[in-house]
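Following: one structure in structure tokens, then a few remarks.
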There are 2 protein chains.
Amino acid sequence: MAKYSVIGHRLPRIDAVQKATGKVTFGVDVRLPAMLYGKLLRSPYPHARIVHIETSRAAAIPGVKAVITGQDIPENRVGYAVKDEYCLARDEVRCIGDPVAAVAAEDEEAAERAVEAIEVDYEELPAIFDAEEAAKPGVPLVHPDLSSYTTTSLMGRRFSPQPGTNICNRQQRRLGDVERGFRESDLVFEDTFRTQMVHHGYIEPHAAMAFVDPSGQITVWCNTQRPYGIRDYLATALGVPMSRIRVIGTKVGAGFGGKISPRVEPGCVLLSQKTGRPVKMVMTREEELTATAGRVPSVVKVKTGVRLDGTIMARKVDILFDTGAYAEGLPPSNRAINDAAGPYKVAHLEINSTLVYTNKMRGTPFRGLGVPQAAWAVEVQTDIIAERLGMDPLDFRLKNAVDEGDPDSTGAPLHSVGVKDCLRQTAQAIGWGQPKSGPYRGRGIAALHKSPTSVLSASGAIVKLNEDGTLTVLTGASDIGQGSDTLLCMIAAEVLGVRLEDVSIVSADTEVTPFDHGTFSSRLTLYAGNAVRHAATDARQQVLRLAAELLEAPVEDLETRDRRVFVREQPQIGMPLADVVLASIASRGRPIMGQGSAHGPGTGLVEGAVPGWKYGAHAAQVEVDPDTGQVTVLKFVATHDYGQAINPTMAEGQIEGGVGMGVSCALSEEVLFDGGRVVNPTFMDYRILTSADMPPIESHIVEVPLPEGPFGAKGGGEPSVIAVAPAIANAIYDAIGVRIADLPITPEKILQALDKKRRHGPKIRG
Amino acid sequence: MAKYSVIGHRLPRIDAVQKATGKVTFGVDVRLPAMLYGKLLRSPYPHARIVHIETSRAAAIPGVKAVITGQDIPENRVGYAVKDEYCLARDEVRCIGDPVAAVAAEDEEAAERAVEAIEVDYEELPAIFDAEEAAKPGVPLVHPDLSSYTTTSLMGRRFSPQPGTNICNRQQRRLGDVERGFRESDLVFEDTFRTQMVHHGYIEPHAAMAFVDPSGQITVWCNTQRPYGIRDYLATALGVPMSRIRVIGTKVGAGFGGKISPRVEPGCVLLSQKTGRPVKMVMTREEELTATAGRVPSVVKVKTGVRLDGTIMARKVDILFDTGAYAEGLPPSNRAINDAAGPYKVAHLEINSTLVYTNKMRGTPFRGLGVPQAAWAVEVQTDIIAERLGMDPLDFRLKNAVDEGDPDSTGAPLHSVGVKDCLRQTAQAIGWGQPKSGPYRGRGIAALHKSPTSVLSASGAIVKLNEDGTLTVLTGASDIGQGSDTLLCMIAAEVLGVRLEDVSIVSADTEVTPFDHGTFSSRLTLYAGNAVRHAATDARQQVLRLAAELLEAPVEDLETRDRRVFVREQPQIGMPLADVVLASIASRGRPIMGQGSAHGPGTGLVEGAVPGWKYGAHAAQVEVDPDTGQVTVLKFVATHDYGQAINPTMAEGQIEGGVGMGVSCALSEEVLFDGGRVVNPTFMDYRILTSADMPPIESHIVEVPLPEGPFGAKGGGEPSVIAVAPAIANAIYDAIGVRIADLPITPEKILQALDKKRRHGPKIRG
């Protein structure tokens with residue numbers, strides 16, 4: 001018999017039919033009567049002073065209802081993480097794509113013509129594009145006012161800018177004595193790795209509709225991962241209280257971190273304020289690929305000391321992140337100091353994370369939040385070390401991988417650690433140690449972990465029982481396609497002993513759902529899930545207390561299951577849940593509602609790492625064509641420790657999605673810049689691998705329960721992307737004996753490396 | 001200095017600007033893409049068997065998408081109070097207007113043509129129209145299956161049908177020994193009074209939109225007073241769990257009790273289920289006046305025994321209510337046994353309330369819920385008695401009116417009793433005892449009370465604090481134009497020490513707002529108001545507990561005011577409310593939300609009366625034209641004991657509205673039947689007095705605080721209509737010496753009475 005009635009069962013998503021039949025409302029689907037269409041004029045210069053903007057010609061175009069510039073709006077600095085920009089540029093633009101004016105018109109054509117008719121006088125300023133250059137003294141500054149910048153209210157305080165430089169944030173984590181560790185090592189390895197900017201590549205572009213009514217009440221519909229963040233941003237931008245702003249999250253055609261920050265919302269609101277009519281904006285794909293954000297590119301230097309017996313003694317990781325023109329890269333740069341050492345016992349550790357501004361499209365959180373960048377470096381170097389030591393890469397990992405009770409990077413003991421189980425299952429499934437199946441074929445493996453979110457990251461929930469014993473969950477968490485609505489309903493159903501179809505959910509509406517920090521950092525299962533669990537438990541306690549009176553039985557003897565409350569040992573003594581709810585209304589005047597909140601499994605009182613780490617292992621089998629450099633992934637295995645998979649089908653779907661994205665980021669995707677300009681701004685040129693390009697993916701789930709998680713669950717939206725690239729790179733080395741240090745692993749790089757190898761023998765490229 | 005910062009202040013309604021600028025969505029305003037228009041075919045017979053319905057001709061009309069009859073839908077009996085009907089008649093129709101088929105089409109015209117094209121074969125059955133006849137044995141039965149009927153789950157169990165008769169409900173209340181009371185009286189008065197059916201006359205007709213999505217999820221937008229009641233009704237009708245139904249209350253263009261029951265919602269849902277498209281219905285005015293419901297007509301016999309010193313010794317009230325074809329008159333018939341004796345000390349009391357079925361348009365709750373009918377009888381008889389005793393009618397009322405501690409009709413002690421204050425203020429304002437200002441002019445006075453609701457009548461609320469210290473109230477209560485949204489926000493603002501503009505509210509959406517029994521019986525201030533007060537207090541406690549830690553001060557020393565939390569005696573030691581909310585999220589993982597519920601001020605454990613009675617007094621000065629019988633109300637004074645007027649301007653508006661309605665019901669309105677058919681189904685023929693017909697109205701507010709009410713408030717949407725008619729009738733007697741026993745007081749009745757008086761001397765008519 002299954003342990004749970006609902007949890008762990010392979011149930012269809014609650015919105016499967018509506019989605020399959022096209023009856024849900026995505027951001028792009030929102031329509032209102034009398035709505036206008038908005039467009040943004042964007043900077044063509046990477047760095048320039050705005051001398052003058054002439055809008056009269058644009059405003060005179062028939063159908064144009066409003067043209068606004070940075071001078072027309074409140075002078076309030078805003079930002080996702082750091083308040084370092086304006087909704088519309090005021091005096092200066094800092095990257096190509098910066099919005100400088102907004103237009104609303106009766107139709108899209110008129111709006112586009114108006115945007116083209118706006119005349120802007122720019123004075124070009126010196127710009128800087130390379131992160132390593134930007135970090136040096138004496139170079140042009142992207143933000144000369146850096147000393148006055150602060151973080152936003154929902155971001156916490158971990159922000160150490162270096163005014164007078166382009167360094168936006170610098171963080172360090174130390175454990176033990178890293179210099180001593182290197183001294184005590186037999187071998188020390190130093191390697192440098194690079195990761196590219198990739199774009200989130202969601203199918204649905206950013207879309208928003210705003211309506212500001214005559215009393216000033218603002219309603220915004222948008223496809224966001226973070227409705228409360230959008231509300232905070234708008235309240236700051238406009239200087240209005242949050243009680244005047246309602247942000248309603250629509251269905252989201254995927255986000256992956258790319259829909260955390262507002263892109264079109266402020267423009268819609270400002271234009272609606274001006275016109276008194278609803279204003280809608282939908283970004284074009286070119287705008288998406290040139291004027292939103294991508295994964296924060298990085299340069300990662302890893303120095304590792306080992307004993308000859310394979311013990312890792314010390315590790316120093318220096319990561320330089322390029323945040324582009326605005327500091328949306330702050331969270332990945334902060335996260336890096338937790339996670340960058342990899343899931344290994346490292347007694348002596350130092351991690352330095354530096355975030356620099358450049359005059360390019362910004363970096364922002366992207367599935368994995370900085371951890372894939374570090375994993376790329378650490379997991380490739382791990383294979384280099386193992387080879388040098390003459391150890392099997394799997395054995396070397398298993399020897400050093402963390403166990404129950406080992407310290408995390410803050411020194412706090414880890415628990416519920418599933419990384420070795422994941423490594424073993426993955427190795428077995430990929431056929432680790434078996435003979436190669438052909439020439440130019442090889443296998444590679446990589447391990448991964450990811451720390452949970454802590455700072456300011458709370459979730460609230462309400463569970464409201466209906467008079468027929470069914471229930472509604474209210475959560476601020478956005479289901480961005482990953483299925484959190486289904487998962488949260490399953491948790492509530494399990495707690496209250498009803499079926500999944502008895503539960504409905506309303507999510508991501510700032511006005512009616514409790515605060516939730518948002519959908520990012522694989523936090524929903526743990527945080528929103530726990531909030532729902534607590535709320536459902538609160539409601540259940542109310543049910544049990546009244547049922548105990550009505551059934552004349554002690555509360556502790558009662559059970560809820562199959563829509564009934566009954567005496568555990570005498571199930572015939574009981575009553576329908578519905579009758580308890582009605583009795584509570586009738587005799588106590590108390591509609592049954594439960595309320596809960598959660599801050600992850602930790603105390604929430606520290607700003608550093610908290611318990612609840614996620615673990616996994618990835619392995620690839622590849623074939624490389626030595627003539628073309630083409631890499632074919634023949635098979636991919638991903639094993640993830642979910643603690644408890646709330647819905648194994650959904651977990652597997654998440655793993656497959658993450659692996660697919662990881663393969664594409666490893667082998668194909670890259671936002672290419674030339675002087676701050678994105679030169680491949682279409683899906684023809686920015687090539688995301690398709691389902692036709694995908695290898696067979698084998699998903700495995702390990703369950704090392706996290707006691708603090710809902711029913712032991714840890715969640716894990718991001719981990720499945722984290723170690724895909726190093727697993728593939730390690731497999732490529734196994735196949736053809738060359739190592740690639742810079743992502744993506746293109747055929748050109750393979751051919752160059754093969755050429756170098758032929759000339760110099762096997763050696764890491766670069 | 002004002003006692004409160006918000007409560008008691010004359011603040012504008014929060015939705016004033018939106019309403020004045022036409023930017024709110026009433027039921028008739030809801031539009032969805034691809035929506036269809038629905039229409040109902042209604043019975044032309046008062047009682048008939050349906051032999052056959054032929055829909056093929058209707059279905060063939062271009063644009064028609066669905067035609068359904070009672071045979072196409074689940075055989076589930078439904079009702080507002082008693083489950084005694086089907087959404088669409090199955091085998092039998094019981095009154096003219098019963099829906100027998102429903103049609104959905106691309107436009108209204110096609111839907112109308114389809115309704116006309118449906119052919120129904122009826123076999124007429126004997127019908128009964130007069131309530132007194134219907135109560136007798138051996139007459140045709142409206143509901144032969146009465147023995148199997150039950151109440152709906154939200155209605156409570158007070159329902160005593162008499163199977164084999166047309167008596168749907170019979171209730172009795174006894175206090176003391178009424179026969180002994182009459183024996184000990186010096187004089188006994190027996191009079192019979194009648195009240196007509198009046199229609200609620202709201203300007204916005206019933207309107208609903210329903211969409212059943214491909215997964216079966218049902219969403220209904222409708223202008224209802226009771227979203228939870230509609231959901232309960234639909235769940236029963238369709239046999240689906242409530243978790244699959246969301247009822248969203250739109251703005252309501254008034255209700256007055258007339259929008260408590262579904263009229264068009266079930267048809268919309270059934271048609272949307274069939275077509276897969278949204279379906280909208282809006283009733284025509286003729287449908288409103290012939291196929292909805294009106295105030296339950298009554299025959300009231302009052303027998304009162306008095307001592308010569310003016311002491312009321314005993315009173316027996318027998319009320320016969322005509323509920324028409326369906327038992328929506330149940331609540332007024334139950335309420336009558338609480339309230340019918342009037343606001344007087346009556347040691348020996350018997351009240352008998354009988355509800356009968358007839359084959360007419362149904363009676364339903366109407367502002368006052370049965371109390372205006374009893375007040376009409378009791379307050380006119382009070383003047384008859386006073387005259388006979390040679391006492392001033394005011395003095396006679398003051399001598400007998402209830403005081404603090406007197407028993408209510410159940411024997412429970414009353415408290416917070418303001419009736420004498422109301423009588424005195426009213427008398428003074430109308431110029432009581434002053435000489436008449438001219439011939440054919442007179443003054444009349446009447447007292448009133450109304451008991452609070454008890455049965456199953458709970459309200460829940462949530463108060464959610466935003467990260468900037470503003471807040472949102474979630475309430476299931478519908479603002480039907482009376483302003484409850486504003487009032488509930490004021491309560492939350494007062495509790496938390498913020499301004500009204502810091503509060504937003506979401507109301508009347510079954511999916512996101514806590515259960516609320518609905519807007520009826522003047523219950524919102526007391527029940528929803530208390531729920532919001534409790535929820536706000538809960539949130540405030542969470543604020544204070546954390547602030548106490550942060551400020552290092554005891555919780556009990558803290559105060560919340562002006563958006564701050566501070567030490568009461570050292571206001572400089574404090575912090576903004578916003579900082580406490582953010583700190584709670586950051587350091588406790590706890591978004592601050594409060595939750596509350598209320599069941600009125602009583603224990604809620606009895607089904608009879610509970611504390612929280614409302615009191616008032618009305619007085620009219622009239623002039624009667626003896627040649628035409630035309631009555632002109634020269635001035636009207638209404639004084640009401642609100643306990644505490646949350647917003648005096650809104651309270652006065654409510655009083656003026658109630659008086660206006662009362663004047664119109666007293667002098668003009670009547671739904672006229674001929675053989676079960678309404679013969680005046682237009683606003684030309686059903687004449688509601690307009691603002692041009694209104695007297696100057698003077699509103700007075702008395703505040704005898706109800707300790708259990710929010711800030712002492714009692715509420716009172718209905719009382720202002722209750723004693724208008726008897727005050728006018730008593731003034732007419734004062735003016736011209738004739739009494740009218742049957743409402744409305746038409747010129748014809750005045751002339752007949754004057755004629756009779758000329759022939760027989762002054763005497764009550766009839």
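For the structure tokens, the naming scheme is as follows: chains receive sequential letters (A, B, ...) according to their order of presentation, residues are indexed from 1 within each chain, and ligands are indexed from 1 in presentation order.
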### Task
Would you give me, as a ChimeraX atom specification, the residues of chain B that come within 8 Å of chain A, using only C-alpha atoms?
/B:17-18,21,23,153-154,156,213-215,241-244,455-460,464,466-468,470-472,474,501-504,506,511-515,582,585-591,593,597-600,603-605
Write the residues of the selection above to a file with C-alpha atoms, as a short mmCIF file (atom, residue, chain, number, x, y, z; two decimals), in the first residue's frame.
data_model
loop_
_atom_site.label_atom_id
_atom_site.label_comp_id
_atom_site.auth_asym_id
_atom_site.auth_seq_id
_atom_site.Cartn_x
_atom_site.Cartn_y
_atom_site.Cartn_z
CA VAL B 17 -14.90 58.00 -8.25
CA GLN B 18 -15.03 54.73 -10.15
CA THR B 21 -17.08 57.81 -13.86
CA LYS B 23 -15.62 52.48 -14.59
CA SER B 153 -27.64 23.43 3.60
CA LEU B 154 -27.12 27.12 4.34
CA GLY B 156 -30.71 25.94 8.94
CA ASP B 213 -14.28 25.34 -19.39
CA PRO B 214 -13.32 22.10 -21.11
CA SER B 215 -12.25 20.58 -17.80
CA PRO B 241 -18.29 19.76 -5.89
CA MET B 242 -17.95 23.38 -4.87
CA SER B 243 -14.27 23.26 -5.73
CA ARG B 244 -15.33 23.19 -9.38
CA VAL B 455 -29.03 30.63 11.78
CA LEU B 456 -25.89 29.54 9.94
CA SER B 457 -25.09 33.17 9.41
CA ALA B 458 -21.33 33.45 9.67
CA SER B 459 -18.80 35.77 8.11
CA GLY B 460 -15.09 35.25 7.66
CA LYS B 464 -3.31 40.94 4.61
CA ASN B 466 1.54 44.66 2.33
CA GLU B 467 5.27 45.21 2.53
CA ASP B 468 4.78 48.99 2.65
CA THR B 470 -0.78 49.19 3.49
CA LEU B 471 -3.31 46.38 3.58
CA THR B 472 -5.93 44.38 1.80
CA LEU B 474 -10.69 39.90 1.85
CA GLU B 501 -6.68 55.12 1.42
CA ASP B 502 -4.13 52.59 2.67
CA VAL B 503 -6.74 49.84 2.54
CA SER B 504 -7.97 47.98 -0.48
CA VAL B 506 -11.67 42.31 -2.49
CA GLU B 511 -12.79 31.35 -4.67
CA VAL B 512 -10.64 33.94 -2.97
CA THR B 513 -12.70 35.52 -0.21
CA PRO B 514 -13.66 33.78 3.02
CA PHE B 515 -17.16 32.43 3.46
CA LEU B 582 9.23 43.51 6.05
CA ILE B 585 8.93 38.37 6.17
CA ALA B 586 12.71 38.58 6.44
CA SER B 587 13.37 37.29 9.91
CA ARG B 588 10.32 35.14 10.62
CA GLY B 589 9.33 33.98 7.16
CA ARG B 590 5.90 35.18 8.05
CA PRO B 591 3.99 37.55 5.82
CA MET B 593 -2.02 38.10 7.64
CA SER B 597 -14.81 35.26 11.75
CA ALA B 598 -18.03 36.27 13.40
CA HIS B 599 -21.43 34.94 14.07
CA GLY B 600 -22.99 38.11 15.34
CA THR B 603 -23.26 32.55 21.07
CA GLY B 604 -24.60 31.38 17.79
CA LEU B 605 -25.66 28.20 19.43
#
### Task
With a distance cut-off of 12 Å and only C-alpha atoms, select the neighbouring residues of Asp693 (chain A), excluding the residue or stretch itself and same-chain residues fewer than 6 positions from it, and output the selection as a list in words.
Val631, Thr632, Val633, Leu634, Lys635, Gly660, Met661, Val663, Ser664, Leu667, Ser668 and Arg687 of chain A
### Message
Residues near Ala89 (chain A), anyone? I mean within 7 Å using only C-alpha atoms, not counting same-chain ones fewer than 4 positions away, as a PyMOL selection string.
### Response
chain A and resi 70+93+98-100
### Query
Where does DSSP see alpha helix (DSSP H) in region 385-620 of chain A, if you list the residues as number ranges by chain?
A: 385-389, 393-400, 419-430, 484-496, 529-551, 577-588
### Task
Choose the residue, out of B:Asp406, B:Glu552, B:Asp685, B:Asp479, that has the smallest atom-to-atom separation from Pro227 (chain B); count only C-alpha atoms.
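Answer, going by the shortest atom-to-atom distance: B:Asp479.
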### Test item: residues at most 7 Å from Phe256 (chain A), only C-alpha atoms, excluding those fewer than 3 positions along its chain, as JSON, numbers by chain
{"A": [200, 366, 367]}
Would you output that residue set with C-alpha atoms, as a CSV table (one decimal), in the first residue's frame?
chain,number,residue,atom,x,y,z
A,200,HIS,CA,16.0,32.0,-21.3
A,366,PHE,CA,18.7,32.0,-15.0
A,367,ARG,CA,17.7,28.4,-13.9
### Query
CA of Gln171 (chain A) and CA of Pro343 (chain A) are how many Å apart?
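Here the two named atoms are 20.0 Å from each other.
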### Query
By how many Å are CA of Val622 (chain B) and CA of Trp432 (chain B) apart?
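Going from CA of Val622 (chain B) over to CA of Trp432 (chain B) covers 12.9 Å.
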### Query
For Phe520 (chain A), which residue among A:Ile68, A:Ile260, A:Ile7, A:Val704 is the nearest when counting only C-alpha atoms?
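Among A:Ile68, A:Ile260, A:Ile7, A:Val704, it is A:Ile260 that comes nearest to Phe520 (chain A).
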#### Entry: Å distance separating CA of Thr358 (chain A) from CA of Asp674 (chain A), one decimal place
13.0 Å
### Query
Nearest to Glu350 (chain A) among A:Phe182, A:Phe193, A:Phe211, A:Tyr642, with distances taken over only C-alpha atoms: which residue is it?
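Closest candidate: A:Phe182.
For region 371-386 of chain A, the set of protein, DNA and RNA residues having any atom at most 7 Å away, when counting only C-alpha atoms and skipping those fewer than 6 positions along the same chain, is A:Phe193, A:Thr195, A:Ser298, A:Val300, A:Val302, A:Ala336, A:Asp339, A:Ala340, A:Gly342, A:Asp392, A:Pro393, A:Phe396, A:Ala446, A:Leu448, A:Ile722, A:Ala723, A:Ala725, A:Pro726, A:Asn730.
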### Query
Contacts of Val282 (chain B) at 7 Å or less, counting only C-alpha atoms, minus same-chain residues fewer than 6 places along, as number ranges by chain?
B: 28, 205-208
### Task
Would you mind listing what lies within 12 Å of region 105-112 of chain A as number ranges by chain, with only C-alpha atoms counted and same-chain residues fewer than 2 positions away left out?
A: 33-42, 58-67, 101-103, 114-118, 268, 271-272, 274-275, 277-284
